[in-house]
Structure formats: structure tokens, C-alpha cells
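Colleague: File follows, target_5.txt with compact mmCIF, C-alpha atoms:
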```
# COMPACT_ATOMS: atom_id res chain seq x y z
CA MET E 49 0.00 0.00 0.00
CA THR E 50 1.79 3.06 -1.21
CA ALA E 51 -1.11 5.52 -1.34
CA THR E 52 -2.66 6.92 1.81
CA PRO E 53 -5.20 4.39 3.08
CA THR E 54 -8.86 5.36 3.02
CA ILE E 55 -11.08 4.92 6.06
CA LEU E 56 -14.87 5.11 6.01
CA VAL E 57 -16.43 6.16 9.33
CA VAL E 58 -20.11 5.27 9.71
CA ASP E 59 -22.13 6.53 12.68
CA ASP E 60 -25.60 8.03 12.94
CA GLU E 61 -24.39 10.30 15.74
CA GLU E 62 -22.98 12.91 13.41
CA GLN E 63 -20.76 14.58 15.99
CA LEU E 64 -19.19 11.26 16.87
CA ALA E 65 -18.56 10.37 13.24
CA ASP E 66 -16.97 13.78 12.70
CA LEU E 67 -14.82 13.38 15.80
CA TYR E 68 -13.50 9.97 14.68
CA ALA E 69 -12.85 11.43 11.25
CA GLU E 70 -10.92 14.31 12.74
CA TRP E 71 -8.78 11.98 14.85
CA LEU E 72 -7.91 9.85 11.85
CA SER E 73 -7.43 12.62 9.33
CA ASP E 74 -3.82 13.23 10.34
CA GLU E 75 -2.80 9.89 8.84
CA TYR E 76 -5.55 8.77 6.53
CA THR E 77 -8.00 9.86 3.90
CA VAL E 78 -11.31 9.76 5.75
CA LYS E 79 -14.86 9.60 4.43
CA THR E 80 -17.89 9.79 6.70
CA ALA E 81 -21.44 8.51 6.46
CA TYR E 82 -24.26 9.22 8.92
CA ARG E 83 -26.61 6.52 7.67
CA GLY E 84 -26.31 2.90 6.61
CA GLN E 85 -27.61 3.70 3.15
CA GLU E 86 -25.12 6.51 2.78
CA ALA E 87 -22.36 4.11 3.85
CA LEU E 88 -23.28 1.71 1.08
CA THR E 89 -23.11 4.42 -1.57
CA LYS E 90 -19.75 5.67 -0.29
CA LEU E 91 -18.24 2.22 -0.21
CA ASP E 92 -15.99 1.49 -3.13
CA SER E 93 -12.81 -0.38 -3.81
CA ASP E 94 -10.74 2.55 -2.51
CA VAL E 95 -11.93 2.01 1.04
CA ASP E 96 -9.45 -0.04 3.10
CA VAL E 97 -11.10 0.02 6.52
CA VAL E 98 -14.70 0.66 7.63
CA LEU E 99 -15.56 1.71 11.16
CA LEU E 100 -19.17 0.70 11.41
CA ASP E 101 -21.64 1.70 14.09
CA ARG E 102 -23.89 -1.22 14.87
CA ARG E 103 -27.08 0.65 15.69
CA MET E 104 -28.39 2.98 13.07
CA PRO E 105 -31.98 3.98 12.31
CA ASP E 106 -32.22 3.10 8.63
CA ILE E 107 -29.97 0.13 7.91
CA ALA E 108 -28.26 -1.47 10.89
CA GLY E 109 -24.50 -1.98 10.87
CA ASP E 110 -25.05 -5.74 10.73
CA GLU E 111 -26.83 -5.41 7.42
CA VAL E 112 -24.25 -3.06 6.01
CA LEU E 113 -21.60 -5.62 6.93
CA GLU E 114 -23.56 -8.36 5.21
CA THR E 115 -23.75 -6.30 2.05
CA ILE E 116 -20.02 -5.58 2.19
CA ARG E 117 -19.29 -9.29 2.34
CA GLU E 118 -21.80 -10.04 -0.42
CA ARG E 119 -20.23 -7.46 -2.67
CA ASP E 120 -16.91 -9.18 -2.08
CA LEU E 121 -15.18 -5.96 -1.14
CA THR E 122 -11.74 -6.55 0.33
CA CYS E 123 -12.01 -3.86 2.99
CA ARG E 124 -11.63 -4.68 6.67
CA VAL E 125 -14.49 -3.89 9.01
CA ALA E 126 -14.43 -2.92 12.67
CA MET E 127 -17.82 -2.85 14.35
CA VAL E 128 -18.35 -0.06 16.84
CA THR E 129 -20.75 -1.27 19.49
CA ALA E 130 -22.23 -0.04 22.74
CA VAL E 131 -21.67 -3.39 24.46
CA GLU E 132 -19.18 -6.26 24.13
CA PRO E 133 -20.33 -8.32 21.17
CA ASP E 134 -22.01 -11.53 22.14
CA PHE E 135 -21.98 -14.83 20.28
CA ASP E 136 -24.78 -13.59 18.05
CA ILE E 137 -22.41 -11.52 16.00
CA ILE E 138 -19.22 -13.51 16.31
CA GLU E 139 -20.01 -15.34 13.10
CA MET E 140 -20.89 -12.18 11.27
CA GLY E 141 -17.61 -11.74 9.53
CA TYR E 142 -16.29 -8.53 11.00
CA ASP E 143 -12.57 -8.24 11.58
CA ASP E 144 -12.46 -6.42 14.87
CA TYR E 145 -14.69 -4.45 17.19
CA LEU E 146 -14.51 -1.36 19.31
CA VAL E 147 -16.64 -0.79 22.38
CA LYS E 148 -17.87 2.74 23.01
CA PRO E 149 -16.59 5.07 24.32
CA VAL E 150 -13.76 4.95 21.80
CA ASP E 151 -10.70 7.13 22.26
CA THR E 152 -8.18 8.23 19.70
CA ALA E 153 -5.58 5.65 20.73
CA ASP E 154 -8.06 2.76 20.35
CA LEU E 155 -9.12 4.06 17.02
CA HIS E 156 -5.62 4.42 15.67
CA SER E 157 -4.40 1.05 16.88
CA THR E 158 -7.45 -0.76 15.51
CA VAL E 159 -7.12 0.88 12.11
CA GLU E 160 -3.40 0.16 12.02
CA GLU E 161 -3.92 -3.52 12.82
CA LEU E 162 -6.58 -3.88 10.17
CA LEU E 163 -4.37 -2.24 7.57
CA GLU E 164 -1.60 -4.65 8.50
CA LEU E 165 -3.98 -7.53 7.86
CA ASN E 166 -4.61 -6.13 4.40
CA THR E 167 -0.89 -5.93 3.76
CA TYR E 168 -0.48 -9.48 4.99
CA ASP E 169 -3.26 -10.61 2.66
CA THR E 170 -1.52 -8.99 -0.25
CA LYS E 171 1.79 -10.62 0.67
CA VAL E 172 0.34 -14.09 1.06
CA GLN E 173 -1.51 -13.62 -2.19
CA GLU E 174 1.79 -12.75 -3.85
CA LEU E 175 3.48 -15.75 -2.23
CA TYR E 176 0.71 -17.99 -3.49
CA SER E 177 0.88 -16.73 -7.04
CA LEU E 178 4.69 -17.02 -7.14
CA SER E 179 4.48 -20.55 -5.72
CA SER E 180 1.98 -21.40 -8.38
CA LYS E 181 4.23 -20.03 -11.15
CA VAL E 182 7.26 -21.89 -9.81
CA ALA E 183 5.14 -25.04 -9.65
CA THR E 184 4.20 -24.66 -13.29
CA LEU E 185 7.81 -24.27 -14.39
CA GLU E 186 8.93 -27.25 -12.31
CA GLN E 187 6.61 -29.59 -14.12
CA GLY E 188 8.29 -31.86 -16.56
CA LYS E 189 11.71 -30.28 -16.12
CA SER E 190 14.76 -31.88 -14.60
CA GLU E 191 16.69 -30.20 -11.83
CA SER E 192 19.56 -29.41 -14.14
CA GLU E 193 17.23 -27.81 -16.65
CA LEU E 194 15.75 -25.72 -13.87
CA ALA E 195 19.18 -24.77 -12.60
CA GLN E 196 19.98 -23.37 -16.02
CA SER E 197 16.75 -21.48 -16.42
CA GLU E 198 17.20 -17.82 -15.59
CA GLU E 199 13.49 -17.27 -15.42
CA TYR E 200 13.18 -20.03 -12.85
CA GLN E 201 16.01 -18.69 -10.73
CA ARG E 202 14.53 -15.21 -10.81
CA LEU E 203 11.16 -16.53 -9.73
CA LYS E 204 12.75 -18.54 -6.93
CA ASP E 205 14.51 -15.43 -5.66
CA ARG E 206 11.28 -13.47 -5.70
CA LEU E 207 9.56 -16.36 -3.96
CA ASP E 208 12.16 -16.40 -1.18
CA ARG E 209 11.76 -12.68 -0.65
CA ALA E 210 7.97 -12.89 -0.64
CA ARG E 211 8.13 -15.71 1.87
CA GLU E 212 10.38 -13.76 4.19
CA GLU E 213 8.14 -10.72 4.02
CA ALA E 214 4.98 -12.69 4.61
CA ASP E 215 6.55 -14.68 7.45
CA THR E 216 7.68 -11.62 9.37
CA MET E 217 4.16 -10.22 9.34
CA LEU E 218 2.71 -12.96 11.51
CA ASP E 219 2.94 -12.55 15.24
CA GLY E 220 2.70 -16.29 15.42
CA SER E 221 1.06 -16.80 18.76
CA SER E 222 -2.53 -15.71 19.06
CA ALA E 223 -5.69 -17.30 17.76
CA GLN E 224 -6.69 -13.88 16.50
CA ASP E 225 -4.90 -14.47 13.18
CA PHE E 226 -7.20 -17.38 12.42
CA ARG E 227 -10.26 -15.36 13.38
CA GLN E 228 -9.36 -12.49 11.13
CA LEU E 229 -7.88 -14.27 8.18
CA PHE E 230 -10.52 -16.88 7.45
CA MET U 246 13.58 -26.45 25.09
CA VAL U 247 14.31 -30.15 25.12
CA GLU U 248 17.98 -30.96 24.95
CA ALA U 249 17.64 -34.68 24.35
CA GLU U 250 18.98 -36.19 21.16
CA SER U 251 16.31 -36.38 18.55
CA GLU U 252 16.10 -39.43 16.39
CA SER U 253 14.54 -40.18 13.10
CA ALA U 254 15.18 -42.96 10.63
CA ILE U 255 14.10 -40.87 7.66
CA PHE U 256 16.12 -37.80 8.55
CA SER U 257 19.61 -38.92 9.40
CA GLU U 258 20.20 -35.69 11.29
CA GLY U 259 18.68 -32.40 12.31
CA VAL U 260 15.01 -33.33 12.26
CA ALA U 261 14.37 -31.24 15.38
CA GLU U 262 15.51 -28.15 13.51
CA LEU U 263 12.73 -28.60 10.99
CA SER U 264 9.31 -27.21 11.81
CA ASN U 265 7.14 -28.26 8.92
CA ILE U 266 7.49 -31.40 6.87
CA LEU U 267 5.30 -32.50 3.99
CA VAL U 268 4.90 -36.27 3.76
CA LEU U 269 3.93 -37.55 0.31
CA ALA U 270 2.67 -41.12 0.48
CA PRO U 271 -0.50 -43.03 -0.37
CA ALA U 272 -3.12 -42.70 2.37
CA LEU U 273 -3.20 -45.38 5.05
CA ASP U 274 -0.41 -47.28 3.39
CA PRO U 275 1.93 -49.08 5.82
CA HIS U 276 4.72 -46.79 4.65
CA GLU U 277 2.66 -43.73 5.48
CA ASP U 278 2.30 -45.05 9.01
CA GLU U 279 6.00 -45.67 9.15
CA ALA U 280 6.83 -42.05 8.28
CA CYS U 281 4.16 -40.78 10.62
CA MET U 282 5.52 -42.75 13.56
CA ASP U 283 9.10 -41.91 12.71
CA LEU U 284 8.32 -38.21 12.78
CA SER U 285 6.16 -38.50 15.91
CA THR U 286 8.79 -40.24 18.00
CA ILE U 287 11.83 -38.04 17.55
CA SER U 288 12.16 -37.60 21.30
CA PRO U 289 11.55 -39.98 24.22
CA SER U 290 7.81 -40.42 24.92
CA SER U 291 8.15 -38.92 28.37
CA GLU U 292 9.43 -35.69 26.80
CA THR U 293 6.96 -35.55 23.96
CA ALA U 294 3.73 -33.62 23.59
CA MET U 295 1.75 -34.86 20.64
CA LEU U 296 -0.99 -33.12 18.74
CA SER U 297 -2.87 -35.19 16.22
CA ILE U 298 -5.27 -33.52 13.80
CA THR U 299 -7.36 -36.12 12.10
CA PHE U 300 -9.96 -35.79 9.36
CA THR U 301 -10.04 -39.35 8.24
CA GLN U 302 -9.83 -41.49 11.31
CA SER U 303 -11.46 -41.44 14.71
CA PRO U 304 -9.38 -40.51 17.76
CA ASP U 305 -9.46 -44.17 18.89
CA GLU U 306 -7.97 -45.26 15.61
CA ARG U 307 -5.18 -42.71 15.87
CA ILE U 308 -4.41 -43.79 19.42
CA GLU U 309 -4.54 -47.41 18.40
CA ARG U 310 -2.00 -46.75 15.68
CA TRP U 311 0.31 -45.10 18.16
CA ARG U 312 0.00 -48.09 20.47
CA THR U 313 0.63 -50.59 17.70
CA HIS U 314 3.96 -48.93 17.08
CA ASN U 315 4.95 -47.90 20.56
CA GLY U 316 3.22 -50.30 22.91
CA ASN U 317 1.88 -48.72 26.05
CA GLU U 318 4.42 -45.96 26.03
CA GLN U 319 2.38 -42.82 25.72
CA PRO U 320 3.47 -39.27 25.08
CA ALA U 321 3.66 -37.10 28.21
CA SER U 322 0.72 -35.19 26.84
CA MET U 323 -1.56 -35.87 23.91
CA ASN U 324 -4.22 -33.77 22.23
CA ILE U 325 -6.38 -34.92 19.39
CA ILE U 326 -8.47 -32.67 17.18
CA SER U 327 -11.03 -34.69 15.32
CA VAL U 328 -12.50 -32.95 12.29
CA GLY U 329 -15.69 -33.83 10.46
CA GLU U 330 -18.50 -36.23 11.16
CA LYS U 331 -17.34 -39.72 11.86
CA THR U 332 -19.24 -42.89 12.40
CA ARG U 333 -18.00 -43.18 15.96
CA SER U 334 -18.68 -40.21 18.12
CA THR U 335 -15.94 -38.87 20.31
CA ALA U 336 -18.32 -38.84 23.25
CA SER U 337 -18.19 -42.61 23.44
CA PHE U 338 -14.44 -42.52 23.16
CA ASN U 339 -12.70 -45.20 25.14
CA PRO U 340 -9.07 -45.81 24.40
CA GLY U 341 -8.96 -48.79 26.72
CA LEU U 342 -5.82 -47.57 28.38
CA GLU U 343 -4.98 -48.20 32.00
CA SER U 344 -6.10 -45.58 34.43
CA ASN U 345 -2.63 -44.49 35.43
CA VAL U 346 -1.68 -43.11 32.05
CA HIS U 347 -1.80 -39.47 31.06
CA PRO U 348 -5.15 -38.16 30.02
CA ILE U 349 -5.74 -37.55 26.35
CA SER U 350 -7.72 -34.50 25.50
CA ILE U 351 -9.96 -34.55 22.49
CA ALA U 352 -11.62 -31.71 20.65
CA ALA U 353 -14.15 -32.22 17.90
CA ILE U 354 -14.91 -29.92 15.00
CA SER U 355 -17.96 -31.03 13.10
CA ASP U 356 -17.64 -28.76 10.08
CA PRO U 357 -14.45 -29.52 8.14
CA ARG U 358 -14.81 -26.27 6.19
CA ASP U 359 -14.43 -24.27 9.37
CA LEU U 360 -10.75 -23.42 9.11
CA THR U 361 -11.12 -20.63 11.66
CA GLN U 362 -12.27 -23.05 14.32
CA LEU U 363 -9.57 -25.52 13.39
CA GLY U 364 -6.92 -22.83 13.65
CA ILE U 365 -8.22 -21.73 17.03
CA GLU U 366 -8.27 -25.29 18.40
CA ILE U 367 -4.73 -25.89 17.22
CA THR U 368 -3.54 -22.63 18.77
CA GLU U 369 -5.18 -23.56 22.06
CA ALA U 370 -3.68 -27.03 22.10
CA LEU U 371 -0.22 -25.62 21.47
CA SER U 372 -0.56 -22.92 24.10
CA GLU U 373 -1.32 -25.54 26.75
CA TRP U 374 2.24 -26.77 26.36
CA GLN U 375 3.80 -23.36 26.29
CA ASP U 376 5.47 -23.54 29.69
CA ARG U 377 6.41 -27.20 29.66
CA SER U 378 9.70 -28.17 28.18
CA LEU U 379 8.35 -30.89 25.96
CA GLN U 380 9.18 -31.57 22.33
CA ILE U 381 5.96 -30.84 20.49
CA VAL U 382 5.21 -33.12 17.56
CA VAL U 383 2.22 -32.61 15.32
CA CYS U 384 0.56 -34.90 12.81
CA PHE U 385 -1.89 -33.41 10.32
CA HIS U 386 -3.87 -36.13 8.60
CA SER U 387 -4.45 -35.05 6.00
CA LEU U 388 -4.08 -32.17 3.57
CA THR U 389 -5.70 -34.35 0.94
CA THR U 390 -8.92 -34.38 2.95
CA LEU U 391 -8.65 -30.69 3.79
CA LEU U 392 -8.42 -29.96 0.07
CA GLN U 393 -11.81 -31.58 -0.41
CA TYR U 394 -13.38 -28.87 1.72
CA ALA U 395 -11.39 -25.77 0.83
CA ASP U 396 -9.78 -24.65 -2.40
CA LEU U 397 -6.04 -24.59 -2.85
CA GLN U 398 -5.66 -20.88 -2.25
CA ARG U 399 -7.56 -20.98 1.01
CA VAL U 400 -5.60 -24.02 2.17
CA PHE U 401 -2.39 -22.24 1.22
CA ARG U 402 -3.32 -19.21 3.32
CA PHE U 403 -4.34 -21.41 6.22
CA LEU U 404 -1.11 -23.34 6.06
CA HIS U 405 0.93 -20.17 5.91
CA VAL U 406 -0.45 -19.11 9.27
CA LEU U 407 -0.29 -22.62 10.68
CA THR U 408 3.28 -23.36 9.66
CA GLY U 409 4.34 -20.03 11.16
CA ARG U 410 2.69 -21.10 14.40
CA MET U 411 4.60 -24.39 14.46
CA GLU U 412 7.87 -22.63 13.90
CA ASN U 413 7.06 -20.32 16.75
CA VAL U 414 6.68 -23.13 19.30
CA ASP U 415 9.61 -25.18 17.95
CA ALA U 416 7.29 -28.00 17.01
CA VAL U 417 8.16 -30.66 14.49
CA ALA U 418 4.97 -30.92 12.48
CA HIS U 419 4.29 -33.21 9.57
CA TYR U 420 1.43 -33.03 7.12
CA HIS U 421 0.22 -35.98 5.09
CA LEU U 422 -0.68 -35.61 1.44
CA ASN U 423 -1.64 -38.41 -0.89
CA PRO U 424 0.19 -37.49 -4.10
CA GLY U 425 -2.06 -39.73 -6.20
CA ALA U 426 -5.06 -37.58 -5.33
CA HIS U 427 -3.68 -34.28 -6.66
CA ASP U 428 -2.07 -32.91 -9.77
CA GLN U 429 1.59 -32.01 -9.74
CA GLN U 430 0.76 -28.30 -9.86
CA THR U 431 -1.09 -28.51 -6.54
CA ILE U 432 1.66 -30.48 -4.85
CA ASN U 433 4.43 -28.19 -6.09
CA THR U 434 2.54 -25.07 -5.06
CA LEU U 435 2.11 -26.32 -1.50
CA THR U 436 5.73 -27.43 -1.29
CA THR U 437 6.78 -23.79 -0.94
CA LEU U 438 5.38 -23.70 2.58
CA PHE U 439 7.44 -26.53 4.02
CA ASP U 440 11.01 -26.86 5.27
CA ALA U 441 11.27 -30.36 3.89
CA VAL U 442 9.39 -32.80 1.71
CA VAL U 443 9.54 -36.52 2.35
CA GLU U 444 8.39 -38.64 -0.54
CA LEU U 445 7.91 -42.35 -0.94
CA THR U 446 9.61 -43.40 -4.18
CA ASP U 447 8.44 -46.15 -6.53
CA ASP U 448 10.80 -48.63 -4.89
CA ASP U 449 9.46 -47.76 -1.42
CA GLN U 450 12.39 -45.66 -0.31
CA TRP U 451 12.04 -42.32 1.45
CA GLN U 452 13.42 -39.43 -0.50
CA VAL U 453 14.06 -36.23 1.43
CA ARG U 454 14.23 -32.77 -0.10
CA GLN U 455 15.03 -29.86 2.17
CA ARG U 456 14.43 -26.25 1.34
CA GLY U 457 17.48 -24.65 -0.18
CA GLY U 458 18.69 -28.10 -1.18
CA HIS U 459 18.69 -27.11 -4.82
CA GLY U 460 18.04 -24.05 -6.96
```
Turn this file's structure into C-alpha cells for me.
Modeller:
Amino acid sequence: MTATPTILVVDDEEQLADLYAEWLSDEYTVKTAYRGQEALTKLDSDVDVVLLDRRMPDIAGDEVLETIRERDLTCRVAMVTAVEPDFDIIEMGYDDYLVKPVDTADLHSTVEELLELNTYDTKVQELYSLSSKVATLEQGKSESELAQSEEYQRLKDRLDRAREEADTMLDGSSAQDFRQLF
Amino acid sequence: MVEAESESAIFSEGVAELSNILVLAPALDPHEDEACMDLSTISPSSETAMLSITFTQSPDERIERWRTHNGNEQPASMNIISVGEKTRSTASFNPGLESNVHPISIAAISDPRDLTQLGIEITEALSEWQDRSLQIVVCFHSLTTLLQYADLQRVFRFLHVLTGRMENVDAVAHYHLNPGAHDQQTINTLTTLFDAVVELTDDDQWQVRQRGGHG
């Protein structure tokens, strides 16, 4: 991600939405929406992270989330809720949640983590596609043929680099990775 | 960590330095068992913590296989994660072991497509052993079955996280794959994720390829 990431803040309490937006605007491009419907129209492939209020008068956050997943958008979603989420929404497919009241530190660290997940996704995707290319070249060729192929060696070098980059992005200990990545 | 000498017939040396090993052999072939047991018994039983993830067999069958090869010598700790519906429920599980042996803990995941749950269970099993200086060995049986429930890309992503986890706890984990059930492209793509590949050759010998071994 070279460009400035884009965050969409969705909350029907306009002042709150504006406050979050102000906090985040020092580092990110921020869009705001005060209604679920408005959120859906502002959502496009540029949005990297959505901060989504769960209770809204027109379309609830839950439904907005469902639509995001249906549309197959790659953005990460943090639900902003008044209470700790219960089992009812654990299966809903959000990536993280924030419990109100939210302060600027919470907001920044959540957004940062979610952006890192996106970067990790991109890296693993790259690792997968390089592995797949290497696999194709390896078929039907002997080791000595491969050793002489410059294309193969170049791909292997890129593969090694991609693997190192992807590996260093995992913290390697918590179950959270599995929750967020699948 | 465990200082004891680690032993393996397949790897003449340094097996404990490997974290993730892909085992290519026909499913439930005697040779597959042989590799499985070899890689599960690299340290003395009393210093071993074993995690067995099984899609194909019931926990009893996995325990039985261990006993066939090792007699009554049990690992110091054993966790089994049983995935998918099986004919024998884990509730009626009875390994028939004497009462003075270490308890075996069993977790069941009914939906084999639920990689999140599987990942969480594995993480929990591993974290139980975090403060005990045991050699953790892991058997994943099998990737062939997992690939029936998730596409290659999803499995790849899952394994990337999982193999990182194994490395983190200094486990020696092996993953079974039946090469006859997949095309070469699939096998080669997955190979990237492992430190070593162990393959049964046509004349029933084990061939070992370690990462960085060529190319």
C-alpha cells in the first residue's frame, strides 16, 4: 500500500462520526457517512477500513456488513458497538470491534492492525501466485534444466523474498490471526 | 527447550531443527504409518507432547496406531483434534488404556470447512504446552482431505499461518498428502510452505528434499 489508506467512518451520531474522522485525518483519507444507506453508496474499492456503528436507524451496521461481504469488497471492518459483542455476531464476519466510548488511541491502533492484515493478505496472495508459477515451471523439467533457467532462478529469488516478508508479518502466537484471516 | 537427542530414521540428522514437513505417500499405506511414527517419535515419549489432527480417522484409531507402534508408552501429553463427522462419536471414546496413564484431551470440530475453528483449536492445544519443556510433535492427517473442503488458495493461506505457528513453538509438524489424489501443480505449489518434503519413491524408499537443497 503506497497511497494513503482510506477509512470510512459510519455513525448516525454525526458529531461522533466527525470526531473519529478528525482523529484519523492526520494519517488517513477519511470519508464519513451518517446513515447505513449513505455508507453503502460511499463504499468502493478505494476504502481499506470501515468503522461501522452497529445501531443505526435506517440500515443497521449488521446489514451493512452483510452487504459488504456479499459485494466481495476486500475492505476490513471494525464494528463499533455499545456493548461487548455476544456470540450472536461472532459469526458475522467482522474483523475487529470497538466498544464505546472509543478514544483516539483505540481508534488508531485498531485501524493500524486492520491495515496490516490487508498488507499481509496482499503478501500471502503474492506468495501464493509465485508458488503457483514456480510449480508450473517445475513440471516436466529436470533439476539441471531448472538450474539453467534464468526465469526459474529469478522466480525462486522473488519467492524467497515474498516468503520472508509474509513470514515476518505474523505474530505467530494468538488465535486472532485465524479469526481475522478466514 | 528439550535438549535430548532427537532421532529419526528418515532424517539422518537435524530433524528437530525442521518445523514443517510435507509427507507424500498413499493414504493409510503401511509406509505412510511408518513415516508418521518416525516423525512422531523423535524424542523420548516422556518428553513428547503430541498433537494429532485427524480428518479421516477417529481418535481411537489414531491412538490405536500409536500403540501398535509404541506399545503402552504414551506421550507425556496428547491432544487430538477430530474434524468432520465420523461414524463413531468422540463422546463414546474409550481408548482402553490403563487408568494411570496421562489423560488424552480430544476436541471435535464437526464442520471440516471451518478453518477458523480448526486454527483456534490448534492454537489452544499448542498454548497448553507453552510452559512445559516438551518436544511438540504434530501430525496433520491429511491435507488431501482438507483440500476436499477448501480450495487450494484458502488451504495455502491457512497453512501459511499454521506453519508459522509451528515454527514459533519449535514443534516438528508433519502433514500428510496423498500425491495420487492431486495434480503435480497442486503439490508443487504447497511445497513452498514446508522446510522439507519426504516422498515415498516407486521402490518404497524415502526421498528427502530440504528447502534450499537445490536451486
Colleague: Given the point (7.2, -46.1, 10.9) in the coordinates of this file, which residues lie within 12 Å, counting only C-alpha atoms, and how would they look as a list in words?
Modeller: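 The residues that fall inside the cut-off are Ser253, Ala254, Ile255, Leu273, Asp274, Pro275, His276, Glu277, Asp278, Glu279, Ala280, Cys281, Met282, Asp283, Leu284, Ser285, Thr286, Ile287, Arg310, Trp311, Thr313, His314, Asn315 and Trp451 of chain U.
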Colleague: So how far away is atom CA of Glu212 of chain E from atom CA of Met295 of chain U, in Å?
Modeller: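 Between these atoms lies a distance of 28.1 Å.
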Colleague: From the list U:Ala272, U:Ala321, U:Ile308, U:Leu371, which residue is nearest chain E when using all atoms listed in the file?
Modeller: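 That would be U:Leu371, the residue with the smallest distance to chain E.
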Colleague: Measuring between only C-alpha atoms, which one of E:Arg102, E:Arg209, E:Lys79, E:Lys90 shows the shortest distance to Asp59 of chain E?
Modeller: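 Closest candidate: E:Arg102.
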Colleague: Could the residues of chain U that have an atom at most 10 Å from chain E be listed as CSV, each with its closest atom pair and the distance in Å to one decimal, counting all atoms listed in the file and ordered by chain and ascending residue number?
Modeller:
```
residue,atom,partner,partner_atom,distance
U:Asp359,CA,E:Phe230,CA,8.6
U:Leu360,CA,E:Phe230,CA,6.8
U:Thr361,CA,E:Phe226,CA,5.1
U:Gln362,CA,E:Phe226,CA,7.8
U:Leu363,CA,E:Phe226,CA,8.5
U:Gly364,CA,E:Phe226,CA,5.6
U:Ile365,CA,E:Ala223,CA,5.2
U:Glu366,CA,E:Ala223,CA,8.4
U:Ile367,CA,E:Ala223,CA,8.7
U:Thr368,CA,E:Ala223,CA,5.8
U:Glu369,CA,E:Ala223,CA,7.6
U:Leu371,CA,E:Ser221,CA,9.3
U:Ser372,CA,E:Ser221,CA,8.3
U:Leu397,CA,E:Tyr176,CA,9.5
U:Gln398,CA,E:Tyr176,CA,7.1
U:Arg399,CA,E:Phe230,CA,8.2
U:Phe401,CA,E:Tyr176,CA,7.1
U:Arg402,CA,E:Val172,CA,6.7
U:Phe403,CA,E:Phe230,CA,7.8
U:His405,CA,E:Val172,CA,7.8
U:Val406,CA,E:Leu218,CA,7.3
U:Leu407,CA,E:Gly220,CA,8.5
U:Thr408,CA,E:Gly220,CA,9.1
U:Gly409,CA,E:Gly220,CA,5.9
U:Arg410,CA,E:Gly220,CA,4.9
U:Met411,CA,E:Gly220,CA,8.4
U:Glu412,CA,E:Gly220,CA,8.3
U:Asn413,CA,E:Gly220,CA,6.1
U:Val414,CA,E:Ser221,CA,8.5
U:Gln429,CA,E:Gln187,CA,7.1
U:Gln430,CA,E:Ala183,CA,5.5
U:Thr431,CA,E:Ala183,CA,7.8
U:Ile432,CA,E:Ala183,CA,8.0
U:Asn433,CA,E:Ala183,CA,4.8
U:Thr434,CA,E:Ser179,CA,5.0
U:Leu435,CA,E:Ser179,CA,7.5
U:Thr436,CA,E:Ser179,CA,8.3
U:Thr437,CA,E:Ser179,CA,6.2
U:Leu438,CA,E:Arg211,CA,8.5
U:Gly457,CA,E:Asp208,CA,9.9
U:His459,CA,E:Glu191,CA,7.9
U:Gly460,CA,E:Ala195,CA,5.8
```
Colleague: How many Å separate atom CA of Leu422 of chain U from atom CA of Lys189 of chain E?
Modeller: 22.1 Å
Colleague: For Leu263 of chain U, list every protein, DNA or RNA residue within 10 Å, evaluated using only C-alpha atoms, and leave out those in the same chain fewer than 2 positions away; present the list as an NGL selection string.
Modeller: :U and (259-261 or 265-266 or 411-412 or 415-419 or 439-441 or 455)
Colleague: May I ask which of the residues U:Glu309, U:Asp428, U:Glu262, U:Glu318 is the closest one to Glu292 of chain U, counting all atoms listed in the file?
Modeller: U:Glu318
Colleague: Within 8 Å of Ala65 of chain E, counting only C-alpha atoms, which residues qualify if same-chain residues fewer than 4 places away don't, as a PyMOL selection string?
Modeller: chain E and resi 57-61+69+80-82
Colleague: In Å, how far is it from atom CA of Glu75 of chain E to atom CA of Asp120 of chain E?
Modeller: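 Spanning atom CA of Glu75 of chain E to atom CA of Asp120 of chain E is a straight-line distance of 26.1 Å.
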Colleague: Taking (-24.8, -0.2, -1.1) in the file's coordinates, which residues come within 9 Å, counting all atoms listed in the file, written as number ranges by chain?
Modeller: E: 84-91, 112, 115-116, 119
Colleague: Between E:Met127, E:Val95, E:Val147, E:Leu203, single out the one closest to Asp110 of chain E, counting all atoms listed in the file.
Modeller: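 Going through E:Met127, E:Val95, E:Val147, E:Leu203 one by one, the smallest distance to Asp110 of chain E is for E:Met127.
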Colleague: Can you tell me, as a PyMOL selection string, what residues are no more than 7 Å from Val453 of chain U when counting only C-alpha atoms, ignoring any on the same chain fewer than 3 positions away?
Modeller: chain U and resi 441-444
